[in-house]
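Have a look at work03.cif below; it lists mmCIF, C-alpha atoms.
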data_input
loop_
_atom_site.label_atom_id
_atom_site.label_comp_id
_atom_site.auth_asym_id
_atom_site.auth_seq_id
_atom_site.Cartn_x
_atom_site.Cartn_y
_atom_site.Cartn_z
CA MET A 14 75.03 143.24 68.57
CA ALA A 15 76.36 145.08 65.55
CA LYS A 16 73.93 147.20 63.60
CA PRO A 17 73.78 146.63 59.85
CA ILE A 18 75.48 149.31 57.78
CA VAL A 19 73.83 150.90 54.74
CA ALA A 20 75.90 153.01 52.32
CA ILE A 21 74.36 155.53 49.92
CA VAL A 22 76.55 155.89 46.82
CA GLY A 23 76.25 157.44 43.38
CA ARG A 24 77.62 160.15 41.14
CA PRO A 25 77.54 163.78 42.31
CA ASN A 26 74.34 165.82 42.36
CA VAL A 27 71.81 162.99 42.25
CA GLY A 28 70.39 163.89 45.67
CA LYS A 29 72.18 161.40 47.93
CA SER A 30 72.40 163.82 50.83
CA THR A 31 68.74 164.81 50.49
CA LEU A 32 67.75 161.14 50.58
CA PHE A 33 70.09 160.56 53.53
CA ASN A 34 68.47 163.40 55.47
CA ARG A 35 65.00 162.12 54.60
CA ILE A 36 65.78 158.66 56.00
CA VAL A 37 67.55 159.93 59.11
CA GLY A 38 64.93 162.61 59.74
CA ASP A 39 67.39 165.42 60.28
CA ARG A 40 69.43 167.75 58.09
CA LEU A 41 72.83 166.29 58.94
CA SER A 42 74.31 166.39 55.44
CA ILE A 43 75.10 169.57 53.52
CA VAL A 44 72.63 169.90 50.66
CA GLU A 45 73.69 172.19 47.84
CA ASP A 46 73.10 172.08 44.10
CA THR A 47 76.81 171.81 43.35
CA PRO A 48 78.57 168.55 42.45
CA GLY A 49 81.08 167.38 45.04
CA VAL A 50 79.72 169.20 48.10
CA THR A 51 79.68 166.05 50.27
CA ARG A 52 83.38 165.31 50.34
CA ASP A 53 83.52 163.10 53.43
CA ARG A 54 81.40 160.23 54.56
CA ILE A 55 78.68 161.30 56.97
CA TYR A 56 77.22 158.82 59.45
CA ALA A 57 73.99 158.58 61.38
CA SER A 58 71.76 156.02 63.03
CA ALA A 59 68.39 155.32 61.43
CA GLU A 60 65.43 153.06 62.11
CA TRP A 61 62.68 151.52 60.03
CA LEU A 62 60.03 149.04 61.23
CA ASN A 63 61.98 148.30 64.44
CA HIS A 64 65.20 147.69 62.49
CA SER A 65 68.07 149.94 63.58
CA PHE A 66 70.97 150.48 61.21
CA SER A 67 73.89 152.82 60.53
CA LEU A 68 73.56 154.98 57.42
CA ILE A 69 76.51 156.40 55.48
CA ASP A 70 76.27 159.32 53.09
CA THR A 71 79.20 159.42 50.68
CA GLY A 72 80.68 161.88 48.25
CA GLY A 73 79.73 161.37 44.62
CA ILE A 74 81.70 159.00 42.41
CA ASP A 75 82.53 160.54 39.04
CA ILE A 76 84.97 160.26 36.18
CA GLY A 77 87.30 162.95 35.00
CA ASP A 78 89.80 165.28 36.65
CA GLU A 79 87.54 167.48 38.76
CA PRO A 80 88.92 168.47 42.21
CA PHE A 81 88.42 165.93 45.02
CA LEU A 82 87.07 163.19 42.69
CA LYS A 83 89.88 160.79 43.53
CA GLN A 84 89.38 161.34 47.26
CA ILE A 85 85.59 161.11 46.95
CA THR A 86 85.89 157.82 45.07
CA GLN A 87 88.16 156.47 47.81
CA GLN A 88 85.66 157.52 50.47
CA ALA A 89 82.83 155.78 48.65
CA GLN A 90 84.96 152.65 48.08
CA ILE A 91 85.65 152.40 51.81
CA ALA A 92 81.95 152.80 52.58
CA MET A 93 81.02 150.13 50.04
CA ASP A 94 83.55 147.68 51.46
CA GLU A 95 82.13 148.08 54.97
CA ALA A 96 78.43 148.20 54.09
CA ASP A 97 76.00 145.31 54.37
CA VAL A 98 73.60 146.92 51.87
CA ILE A 99 74.38 149.53 49.20
CA VAL A 100 71.83 152.02 47.87
CA PHE A 101 72.87 153.16 44.39
CA VAL A 102 71.24 156.55 43.77
CA THR A 103 70.65 157.91 40.27
CA SER A 104 68.57 160.82 38.96
CA VAL A 105 65.58 160.60 36.63
CA THR A 106 66.19 164.14 35.37
CA GLU A 107 69.50 163.28 33.69
CA GLY A 108 68.76 159.65 32.85
CA VAL A 109 71.51 157.04 32.71
CA THR A 110 74.88 158.78 32.35
CA ASP A 111 78.44 157.59 31.74
CA ALA A 112 79.17 158.35 35.40
CA ASP A 113 76.27 156.10 36.48
CA GLU A 114 77.73 153.27 34.40
CA HIS A 115 81.13 153.93 36.02
CA VAL A 116 79.56 153.59 39.47
CA ALA A 117 77.76 150.42 38.36
CA LYS A 118 81.07 148.83 37.33
CA LEU A 119 82.48 149.55 40.79
CA LEU A 120 79.42 148.03 42.43
CA TYR A 121 79.60 144.86 40.31
CA ARG A 122 82.83 144.09 42.19
CA SER A 123 81.44 144.82 45.66
CA ASP A 124 79.66 141.47 46.12
CA LYS A 125 77.08 143.22 48.30
CA PRO A 126 73.29 143.59 47.86
CA VAL A 127 72.71 146.68 45.72
CA ILE A 128 69.37 148.49 45.61
CA LEU A 129 68.89 150.93 42.75
CA ALA A 130 67.06 154.15 43.65
CA VAL A 131 66.01 156.60 40.94
CA ASN A 132 65.73 159.95 42.70
CA LYS A 133 63.92 163.20 41.84
CA VAL A 134 60.75 161.42 40.70
CA ASP A 135 58.71 164.30 42.10
CA ASN A 136 56.18 164.17 39.26
CA PRO A 137 54.20 160.91 38.80
CA GLU A 138 54.47 161.41 35.04
CA ARG A 139 58.21 160.75 35.29
CA ARG A 140 57.74 157.22 36.69
CA GLU A 141 57.79 155.72 33.19
CA ASP A 142 61.29 157.15 32.70
CA ILE A 143 62.72 154.81 35.33
CA TYR A 144 62.64 151.87 32.90
CA ASP A 145 65.82 153.18 31.24
CA PHE A 146 67.67 152.36 34.48
CA TYR A 147 67.15 148.60 34.04
CA SER A 148 70.19 148.83 31.75
CA LEU A 149 72.41 149.28 34.82
CA GLY A 150 71.77 145.65 35.73
CA PHE A 151 70.53 145.91 39.32
CA GLY A 152 66.96 144.70 38.92
CA ASP A 153 63.88 146.76 39.62
CA PRO A 154 64.68 150.43 40.20
CA TYR A 155 62.85 152.19 43.05
CA PRO A 156 61.42 155.60 42.10
CA VAL A 157 61.83 158.03 45.00
CA SER A 158 61.79 161.70 45.84
CA GLY A 159 64.25 162.59 48.58
CA THR A 160 62.78 166.08 48.69
CA HIS A 161 59.15 165.05 49.19
CA GLY A 162 59.58 161.55 50.66
CA VAL A 163 57.72 159.79 47.84
CA GLY A 164 58.65 156.11 47.58
CA VAL A 165 61.13 156.21 50.47
CA GLY A 166 59.09 153.73 52.50
CA ASP A 167 59.24 151.14 49.69
CA LEU A 168 62.98 151.74 49.42
CA LEU A 169 63.46 151.17 53.15
CA ASP A 170 61.41 147.97 52.98
CA ALA A 171 63.83 146.70 50.34
CA ILE A 172 66.84 147.76 52.40
CA ILE A 173 65.88 145.91 55.58
CA ALA A 174 64.88 142.84 53.56
CA ASP A 175 68.55 142.49 52.57
CA PHE A 176 69.98 142.76 56.09
CA PRO A 177 72.20 139.76 56.86
CA ASP A 178 71.23 137.59 59.81
CA GLU A 179 74.83 137.16 60.90
CA ASN A 180 75.00 140.75 62.10
CA TYR A 181 72.83 139.77 65.03
CA VAL A 182 74.97 137.44 67.09
CA GLU A 183 74.47 136.00 70.51
CA GLU A 184 76.95 137.40 73.03
CA ASP A 185 77.57 136.47 76.66
CA ASP A 186 77.20 138.57 79.80
CA SER A 187 80.82 139.72 79.94
CA ILE A 188 81.38 143.47 80.06
CA LYS A 189 82.18 144.56 76.52
CA PHE A 190 84.36 147.60 75.98
CA SER A 191 86.28 149.17 73.15
CA LEU A 192 89.00 151.78 72.70
CA ILE A 193 88.24 154.42 70.10
CA GLY A 194 90.08 157.46 68.87
CA ARG A 195 92.11 158.93 66.07
CA PRO A 196 94.97 157.02 64.46
CA ASN A 197 98.23 157.22 66.41
CA VAL A 198 96.67 157.90 69.81
CA GLY A 199 97.98 154.51 70.94
CA LYS A 200 94.86 152.32 70.89
CA SER A 201 96.70 149.17 69.79
CA SER A 202 99.47 149.71 72.32
CA LEU A 203 96.90 150.16 75.08
CA VAL A 204 95.06 146.99 74.05
CA ASN A 205 98.31 145.02 74.17
CA ALA A 206 99.28 146.58 77.49
CA ILE A 207 95.89 145.84 79.05
CA LEU A 208 95.97 142.22 77.92
CA GLY A 209 99.57 141.91 79.04
CA GLU A 210 98.92 143.18 82.56
CA GLU A 211 98.93 139.69 84.07
CA ARG A 212 95.51 138.99 82.67
CA SER A 213 94.15 135.53 82.04
CA ILE A 214 93.13 135.46 78.38
CA VAL A 215 90.20 133.08 78.04
CA SER A 216 89.53 132.96 74.31
CA ASN A 217 89.46 134.77 71.02
CA ILE A 218 85.93 135.35 69.72
CA SER A 219 84.85 136.12 66.20
CA GLY A 220 83.21 139.49 66.64
CA THR A 221 81.41 140.50 63.48
CA THR A 222 81.49 139.77 59.79
CA ARG A 223 83.98 142.62 59.43
CA ASP A 224 87.07 140.74 60.59
CA ALA A 225 87.34 142.18 64.10
CA ILE A 226 88.70 139.77 66.69
CA ASP A 227 87.42 140.20 70.24
CA THR A 228 89.37 138.93 73.22
CA LYS A 229 87.86 137.75 76.48
CA PHE A 230 89.97 138.12 79.60
CA ILE A 231 89.56 138.07 83.36
CA ALA A 232 90.61 140.88 85.68
CA ASP A 233 89.65 141.34 89.32
CA ASP A 234 87.45 138.23 89.09
CA GLU A 235 85.36 139.88 86.36
CA GLU A 236 85.08 138.75 82.73
CA PHE A 237 85.63 141.37 80.05
CA ILE A 238 85.54 141.35 76.27
CA ILE A 239 87.79 143.87 74.59
CA ILE A 240 86.51 144.73 71.13
CA ASP A 241 89.41 145.09 68.73
CA THR A 242 89.02 147.87 66.20
CA ALA A 243 92.49 147.56 64.70
CA GLY A 244 91.77 144.84 62.12
CA ILE A 245 91.81 146.96 58.97
CA ARG A 246 91.70 145.15 55.66
CA LYS A 247 94.11 146.76 53.25
CA ARG A 248 93.43 146.67 49.53
CA GLY A 249 95.84 148.69 47.50
CA LYS A 250 96.45 152.34 48.20
CA ILE A 251 92.88 153.17 49.24
CA TYR A 252 93.63 152.41 52.87
CA GLU A 253 96.90 154.28 53.11
CA ASN A 254 95.01 157.18 54.68
CA THR A 255 93.71 155.47 57.82
CA GLU A 256 92.09 158.71 58.98
CA LYS A 257 89.36 158.04 56.41
CA TYR A 258 88.77 154.60 57.86
CA ALA A 259 88.98 155.26 61.60
CA PHE A 260 85.52 156.71 62.11
CA MET A 261 83.77 153.75 60.46
CA ARG A 262 85.68 151.34 62.67
CA ALA A 263 84.81 153.39 65.74
CA MET A 264 81.10 153.37 64.88
CA ALA A 265 80.97 149.58 64.57
CA ALA A 266 82.84 149.17 67.86
CA ILE A 267 80.66 151.65 69.73
CA ASP A 268 77.48 149.87 68.66
CA ARG A 269 78.72 146.63 70.19
CA SER A 270 80.17 148.06 73.41
CA ASP A 271 78.78 148.52 76.90
CA VAL A 272 81.56 150.94 77.78
CA VAL A 273 83.69 153.03 75.41
CA LEU A 274 87.18 154.28 76.23
CA VAL A 275 87.78 157.51 74.30
CA VAL A 276 91.55 157.61 73.87
CA LEU A 277 93.33 160.97 73.57
CA ASN A 278 96.98 161.63 72.77
CA ALA A 279 98.56 163.69 75.55
CA GLU A 280 101.31 164.87 73.18
CA GLU A 281 98.95 166.20 70.49
CA GLY A 282 96.00 167.41 72.56
CA ILE A 283 92.39 167.33 71.37
CA ARG A 284 91.41 167.39 67.68
CA GLU A 285 88.05 167.74 65.95
CA GLN A 286 88.10 164.02 65.06
CA ASP A 287 88.30 163.22 68.78
CA LYS A 288 85.12 165.23 69.34
CA ARG A 289 83.29 163.58 66.45
CA ILE A 290 84.06 160.07 67.64
CA ALA A 291 83.30 160.84 71.29
CA GLY A 292 80.07 162.56 70.27
CA TYR A 293 78.81 159.43 68.57
CA ALA A 294 79.50 157.36 71.69
CA HIS A 295 77.58 159.93 73.74
CA GLU A 296 74.63 159.94 71.34
CA ALA A 297 74.60 156.14 71.35
CA GLY A 298 74.14 156.22 75.13
CA ARG A 299 77.23 154.15 75.94
CA GLY A 300 79.23 154.36 79.13
CA ILE A 301 82.25 156.57 78.53
CA ILE A 302 85.71 156.84 80.09
CA ILE A 303 88.20 159.39 78.77
CA VAL A 304 91.69 157.87 78.64
CA VAL A 305 94.65 160.22 78.12
CA ASN A 306 97.47 158.08 76.73
CA LYS A 307 101.22 158.83 76.45
CA TRP A 308 101.11 160.73 79.75
CA ASP A 309 104.69 159.60 80.40
CA THR A 310 105.92 161.86 77.58
CA VAL A 311 104.45 165.08 78.99
CA LYS A 312 106.59 167.48 81.01
CA LYS A 313 104.78 167.98 84.30
CA ASP A 314 104.53 170.26 87.26
CA THR A 315 102.10 170.25 90.19
CA HIS A 316 99.30 171.68 88.01
CA THR A 317 99.75 169.71 84.76
CA MET A 318 97.08 167.09 85.40
CA ASP A 319 94.56 169.64 86.68
CA ASP A 320 95.22 171.90 83.70
CA PHE A 321 94.74 169.04 81.23
CA THR A 322 91.56 167.97 83.03
CA ASN A 323 90.16 171.49 82.72
CA TYR A 324 91.16 171.48 79.04
CA ILE A 325 89.22 168.25 78.47
CA ARG A 326 86.17 169.52 80.36
CA ALA A 327 86.14 172.70 78.28
CA GLU A 328 86.40 170.83 74.96
CA PHE A 329 84.01 168.00 75.92
CA GLN A 330 81.37 169.87 77.90
CA TYR A 331 78.73 167.26 77.06
CA LEU A 332 80.93 164.58 78.67
CA ASP A 333 81.12 166.17 82.11
CA TYR A 334 79.94 162.84 83.57
CA ALA A 335 82.86 160.83 82.10
CA PRO A 336 85.79 159.98 84.41
CA ILE A 337 89.28 160.86 83.15
CA VAL A 338 92.31 158.57 83.53
CA PHE A 339 95.88 159.53 82.62
CA VAL A 340 97.80 156.45 81.49
CA SER A 341 100.81 155.22 79.58
CA ALA A 342 100.84 152.10 77.44
CA VAL A 343 104.65 152.11 77.66
CA THR A 344 105.14 152.40 81.42
CA LYS A 345 101.77 150.75 82.31
CA GLN A 346 101.00 153.77 84.49
CA ARG A 347 97.46 153.52 86.00
CA LEU A 348 96.42 150.72 83.62
CA ASN A 349 95.58 148.61 86.67
CA GLN A 350 92.80 151.09 87.47
CA LEU A 351 90.92 150.53 84.20
CA PRO A 352 89.16 147.15 84.84
CA ALA A 353 87.57 148.32 88.10
CA LEU A 354 86.57 151.65 86.53
CA ILE A 355 85.06 149.92 83.48
CA LYS A 356 83.10 147.62 85.77
CA ARG A 357 81.79 150.55 87.85
CA VAL A 358 80.69 152.49 84.76
CA SER A 359 78.94 149.38 83.41
CA GLU A 360 77.12 148.98 86.73
CA ASN A 361 76.10 152.63 86.65
CA GLN A 362 74.78 152.17 83.12
CA ASN A 363 72.51 149.41 84.41
CA ARG A 364 71.54 151.08 87.69
CA ARG A 365 67.82 151.08 88.54
CA ILE A 366 66.26 153.36 91.15
CA GLN A 367 62.96 152.63 92.85
CA SER A 368 60.18 155.08 91.99
CA ALA A 369 59.53 155.96 95.64
CA VAL A 370 63.17 156.95 96.12
CA LEU A 371 63.19 158.88 92.85
CA ASN A 372 60.16 160.91 93.85
CA ASP A 373 61.68 161.76 97.22
CA VAL A 374 64.72 163.14 95.37
CA LEU A 375 62.41 165.02 93.01
CA SER A 376 60.54 166.63 95.90
CA ASP A 377 63.79 167.71 97.55
CA ALA A 378 65.04 169.13 94.23
CA MET A 379 61.88 171.22 93.71
CA ALA A 380 62.09 172.49 97.28
CA LEU A 381 65.68 173.55 96.61
CA GLN A 382 64.83 175.20 93.29
CA PRO A 383 61.11 175.73 92.54
CA THR A 384 59.84 174.96 89.05
CA PRO A 385 60.09 177.89 86.61
CA LEU A 386 57.30 180.21 85.47
CA VAL A 387 57.10 180.31 81.66
CA ASN A 388 54.85 182.91 80.00
CA GLY A 389 52.80 183.17 83.15
CA LYS A 390 52.35 179.40 83.45
CA ARG A 391 54.19 177.36 86.08
CA LEU A 392 55.66 173.95 85.40
CA ARG A 393 54.14 171.28 87.66
CA VAL A 394 56.05 168.05 88.11
CA TYR A 395 53.86 165.20 89.38
CA TYR A 396 55.83 161.99 89.19
CA VAL A 397 59.05 160.42 87.89
CA THR A 398 59.82 156.79 87.10
CA GLN A 399 62.70 154.94 85.49
CA VAL A 400 61.82 153.19 82.24
CA ALA A 401 65.15 151.93 80.87
CA VAL A 402 68.86 151.39 81.46
CA MET A 403 71.93 151.73 79.20
CA PRO A 404 71.65 154.65 79.61
CA PRO A 405 69.40 155.23 82.64
CA THR A 406 66.23 156.79 81.27
CA PHE A 407 63.55 158.52 83.32
CA VAL A 408 60.06 159.71 82.39
CA VAL A 409 58.86 162.84 84.21
CA PHE A 410 55.11 163.42 84.20
CA VAL A 411 54.27 167.13 84.05
CA ASN A 412 51.36 169.43 83.29
CA ASP A 413 52.94 170.65 80.03
CA PRO A 414 56.17 169.17 78.54
CA LYS A 415 56.91 172.49 76.80
CA LEU A 416 57.38 174.13 80.20
CA LEU A 417 60.23 171.79 81.15
CA HIS A 418 63.09 173.94 79.85
CA PHE A 419 66.50 172.45 79.12
CA SER A 420 68.06 174.32 82.04
CA TYR A 421 65.60 172.84 84.54
CA GLN A 422 66.07 169.38 82.99
CA ARG A 423 69.79 169.76 83.56
CA PHE A 424 69.15 170.82 87.16
CA LEU A 425 67.07 167.69 87.79
CA ILE A 426 69.71 165.48 86.16
CA ASN A 427 72.41 167.05 88.33
CA GLN A 428 70.32 166.31 91.42
CA LEU A 429 70.09 162.67 90.35
CA ARG A 430 73.88 162.58 89.91
CA LYS A 431 74.43 164.09 93.37
CA THR A 432 72.21 161.46 94.97
CA PHE A 433 73.14 158.36 92.98
CA ASP A 434 76.33 157.10 91.37
CA PHE A 435 75.89 157.67 87.64
CA GLU A 436 79.54 158.40 86.87
CA GLY A 437 80.44 157.45 83.33
CA THR A 438 76.91 157.29 81.97
CA SER A 439 74.61 159.81 80.38
CA ILE A 440 71.09 160.26 81.77
CA LYS A 441 67.99 160.73 79.66
CA LEU A 442 65.02 162.67 81.01
CA ILE A 443 61.80 162.43 78.99
CA PRO A 444 58.91 164.80 79.83
CA ARG A 445 55.39 163.45 79.40
CA LYS A 446 52.05 165.13 79.91
CA ARG A 447 50.05 163.52 82.72
CA ASN A 448 46.71 162.24 81.48
#
The structure in this file should be written as structure tokens.
Amino acid sequence: MAKPIVAIVGRPNVGKSTLFNRIVGDRLSIVEDTPGVTRDRIYASAEWLNHSFSLIDTGGIDIGDEPFLKQITQQAQIAMDEADVIVFVTSVTEGVTDADEHVAKLLYRSDKPVILAVNKVDNPERREDIYDFYSLGFGDPYPVSGTHGVGVGDLLDAIIADFPDENYVEEDDSIKFSLIGRPNVGKSSLVNAILGEERSIVSNISGTTRDAIDTKFIADDEEFIIIDTAGIRKRGKIYENTEKYAFMRAMAAIDRSDVVLVVLNAEEGIREQDKRIAGYAHEAGRGIIIVVNKWDTVKKDTHTMDDFTNYIRAEFQYLDYAPIVFVSAVTKQRLNQLPALIKRVSENQNRRIQSAVLNDVLSDAMALQPTPLVNGKRLRVYYVTQVAVMPPTFVVFVNDPKLLHFSYQRFLINQLRKTFDFEGTSIKLIPRKRN
């Protein structure tokens, strides 16, 4: 199911990034007392009262000829078009400004639920000043303090109350996968090549409210749904720069996928945008396959594939579990391997291991490498059990969770990988103190 998308918009220097960080619970956005610092949209997953949603922090919308204002306005416009709910942030310290009214005029045309937040209400005496913001025409303003968290809970209550029901759609048991990556890596060509590889196309399915069309097909007696991320709505010149749009599309596709194919361009190598998109898929706990497209255009010798594999492993160290496939959408090279690999990664994502077997592996691992001594205190591992799939998640009961260092966690995860087939899926290990 697709998560609702919430966009935070407003003129520069009203505290959008501070509010974003408060909701997400981490300092992901740059916070600086200078207008225009947040030039690009920043994305994160957030949760409130068991409602998960994607949150977008945008650059400030302003009027005038200041540097980056045109680009910032375009960024915010894209975010507004894709959002299910828009949070319009203003500042009580400056009151209603011409720039606020400019933003309001943009939002009148968005046809989306708009919640007005008046930020920087750190002092209760300033609450009466929020009444001036009724003039913007968005109903009751919500006084908040992004810095101190005051009023943020009421704001989040209002946000989730406006979530559309149609985002949560019933989907069948077919394996759902998507192809993500930068523009021009060949995603659309790969989709067409995969569907054209003597597949039996069953039906076209309306995916989300955002105009994506999913296609169900059968390969190797298995049903798949390929999530199309290419359906970009173009309105004027805003969408000429598809680089600005690609990451939003990728996020929506990742949220709905069981397995994600991270597509790289063999001609161009790896870019920072590739890492950003792949990193989100990793953090979302999806199955991942790295697909190197346009391999037919690369001059090769006996070491070319090994060298490129080592290059990928060095750049994507956190994806050491992801299989790598070198393909060509033009020549169809190795495309026939993808359905079976996608199926295997999906199975690994859903793999469950009996507790008795897990604890045997744990005992063997500790015999191979005893638990570390930290500040004179030794880690004691008592028991491990699996608590979830997609990705496989294990709880390890110990005497003190602080003693389970990252390096020993990684050792235990590697032992699980050596014993069981978890190729293509991340593994989560959660330490808990034994009562």
Task: Reference answer for the PyMOL selection byres ((chain A and resi 363) around 8), as an MDAnalysis selection string - done: chainID A and resid 359:362 364:365 402:405
Open item on the list: Which residues would end up in the selection if the PyMOL selection byres ((chain A and resi 369-371) around 10) were applied here, given that I need the answer as a VMD selection string?
Closed with: chain A and resid 366 to 368 372 to 376 396 to 399 407 429 432 to 433
Would you save the residues from that selection as a PDB file, keeping the file's coordinate frame, using C-alpha atoms?
ATOM      1  CA  ILE A 366      66.260 153.360  91.150  1.00  0.00           C
ATOM      2  CA  GLN A 367      62.960 152.630  92.850  1.00  0.00           C
ATOM      3  CA  SER A 368      60.180 155.080  91.990  1.00  0.00           C
ATOM      4  CA  ASN A 372      60.160 160.910  93.850  1.00  0.00           C
ATOM      5  CA  ASP A 373      61.680 161.760  97.220  1.00  0.00           C
ATOM      6  CA  VAL A 374      64.720 163.140  95.370  1.00  0.00           C
ATOM      7  CA  LEU A 375      62.410 165.020  93.010  1.00  0.00           C
ATOM      8  CA  SER A 376      60.540 166.630  95.900  1.00  0.00           C
ATOM      9  CA  TYR A 396      55.830 161.990  89.190  1.00  0.00           C
ATOM     10  CA  VAL A 397      59.050 160.420  87.890  1.00  0.00           C
ATOM     11  CA  THR A 398      59.820 156.790  87.100  1.00  0.00           C
ATOM     12  CA  GLN A 399      62.700 154.940  85.490  1.00  0.00           C
ATOM     13  CA  PHE A 407      63.550 158.520  83.320  1.00  0.00           C
ATOM     14  CA  LEU A 429      70.090 162.670  90.350  1.00  0.00           C
ATOM     15  CA  THR A 432      72.210 161.460  94.970  1.00  0.00           C
ATOM     16  CA  PHE A 433      73.140 158.360  92.980  1.00  0.00           C
TER      17      PHE A 433
END
Task: Interatomic distance (Å, one decimal) between atom CA of A:Pro156 and atom CA of A:Ala130 - done: 6.0 Å
Specify as a short mmCIF file (atom, residue, chain, number, x, y, z; two decimals) with C-alpha atoms, in the coordinates of the input each residue included when the PyMOL selection byres ((chain A and resi 98) around 7) is applied to this file.
data_model
loop_
_atom_site.label_atom_id
_atom_site.label_comp_id
_atom_site.auth_asym_id
_atom_site.auth_seq_id
_atom_site.Cartn_x
_atom_site.Cartn_y
_atom_site.Cartn_z
CA ILE A 18 75.48 149.31 57.78
CA VAL A 19 73.83 150.90 54.74
CA ALA A 20 75.90 153.01 52.32
CA ALA A 96 78.43 148.20 54.09
CA ASP A 97 76.00 145.31 54.37
CA ILE A 99 74.38 149.53 49.20
CA VAL A 100 71.83 152.02 47.87
CA LYS A 125 77.08 143.22 48.30
CA PRO A 126 73.29 143.59 47.86
CA VAL A 127 72.71 146.68 45.72
CA ILE A 172 66.84 147.76 52.40
CA ASP A 175 68.55 142.49 52.57
CA PHE A 176 69.98 142.76 56.09
#
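The shortest atom-to-atom distance to A:Lys431, with only C-alpha atoms taken into account, belongs to A:Asp377 out of A:Asp124, A:Asp377, A:Asp314, A:Asp111.
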TODO: Name the residues in contact with A:Ser148 at a cut-off of 12 Å, using all atoms listed in the file, excluding same-chain residues fewer than 6 positions from it; report them as a ChimeraX atom specification.
DONE: /A:108-110,113-114,117,129,154
Open item on the list: Give me the residues near A:Leu62 as a PyMOL selection string, where near means some atom within 10 Å (using all atoms listed in the file) and where sequence neighbours in that chain fewer than 4 positions away do not count.
Closed with: chain A and resi 166+169-170+173
Task: From A:Asp145, A:Asp167, A:Asp413, A:Asp287, residue lying nearest A:Val387 [only C-alpha atoms] - done: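 So, comparing all the options, the nearest one is A:Asp413.
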TODO: Could you check how far atom CA of A:Ile239 sits from atom CA of A:Ala206, in Å to one decimal?
DONE: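 Distance reported for this atom pair: 12.2 Å.
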Open item on the list: Can you pull out the residues contacting A:Gly300? Cut-off 6 Å, using all atoms listed in the file, and skip same-chain residues under 2 positions away; I want them as a PyMOL selection string.
Closed with: chain A and resi 272-273+437-438
- [ ] Have a look at atom CA of A:Ile238 and atom CA of A:Val276 and let me know their distance in Å, one decimal.
- [x]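 Atom-to-atom, atom CA of A:Ile238 and atom CA of A:Val276 are spaced 17.5 Å apart.
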TODO: Using only C-alpha atoms, determine which residues lie at most 10 Å from A:Ala291, disregarding the query and same-chain residues fewer than 5 positions distant; provide the list as number ranges by chain.
DONE: A: 193-194, 263, 267, 273-276, 285-286, 296-297, 301-303, 329, 331-332
Open item on the list: At a cut-off of 10 Å, using only C-alpha atoms, what residues contact A:Leu425? Leave out same-chain residues fewer than 5 positions from it and give the result as number ranges by chain.
Closed with: A: 374-375, 378-379, 382, 419-420, 430-431, 442
Task: Pick from A:Arg195, A:Lys356, A:Arg35, A:Arg299, whichever lies nearest to A:Ile440 using only C-alpha atoms - done: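 Looking only at the distances to A:Ile440, the closest residue turns out to be A:Arg299.
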Open item on the list: Using only C-alpha atoms for the distances, tell me which of A:His115, A:Lys200, A:His161, A:Arg289 is nearest to A:Val134.
Closed with: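 Going through A:His115, A:Lys200, A:His161, A:Arg289 one by one, the smallest distance to A:Val134 is for A:His161.
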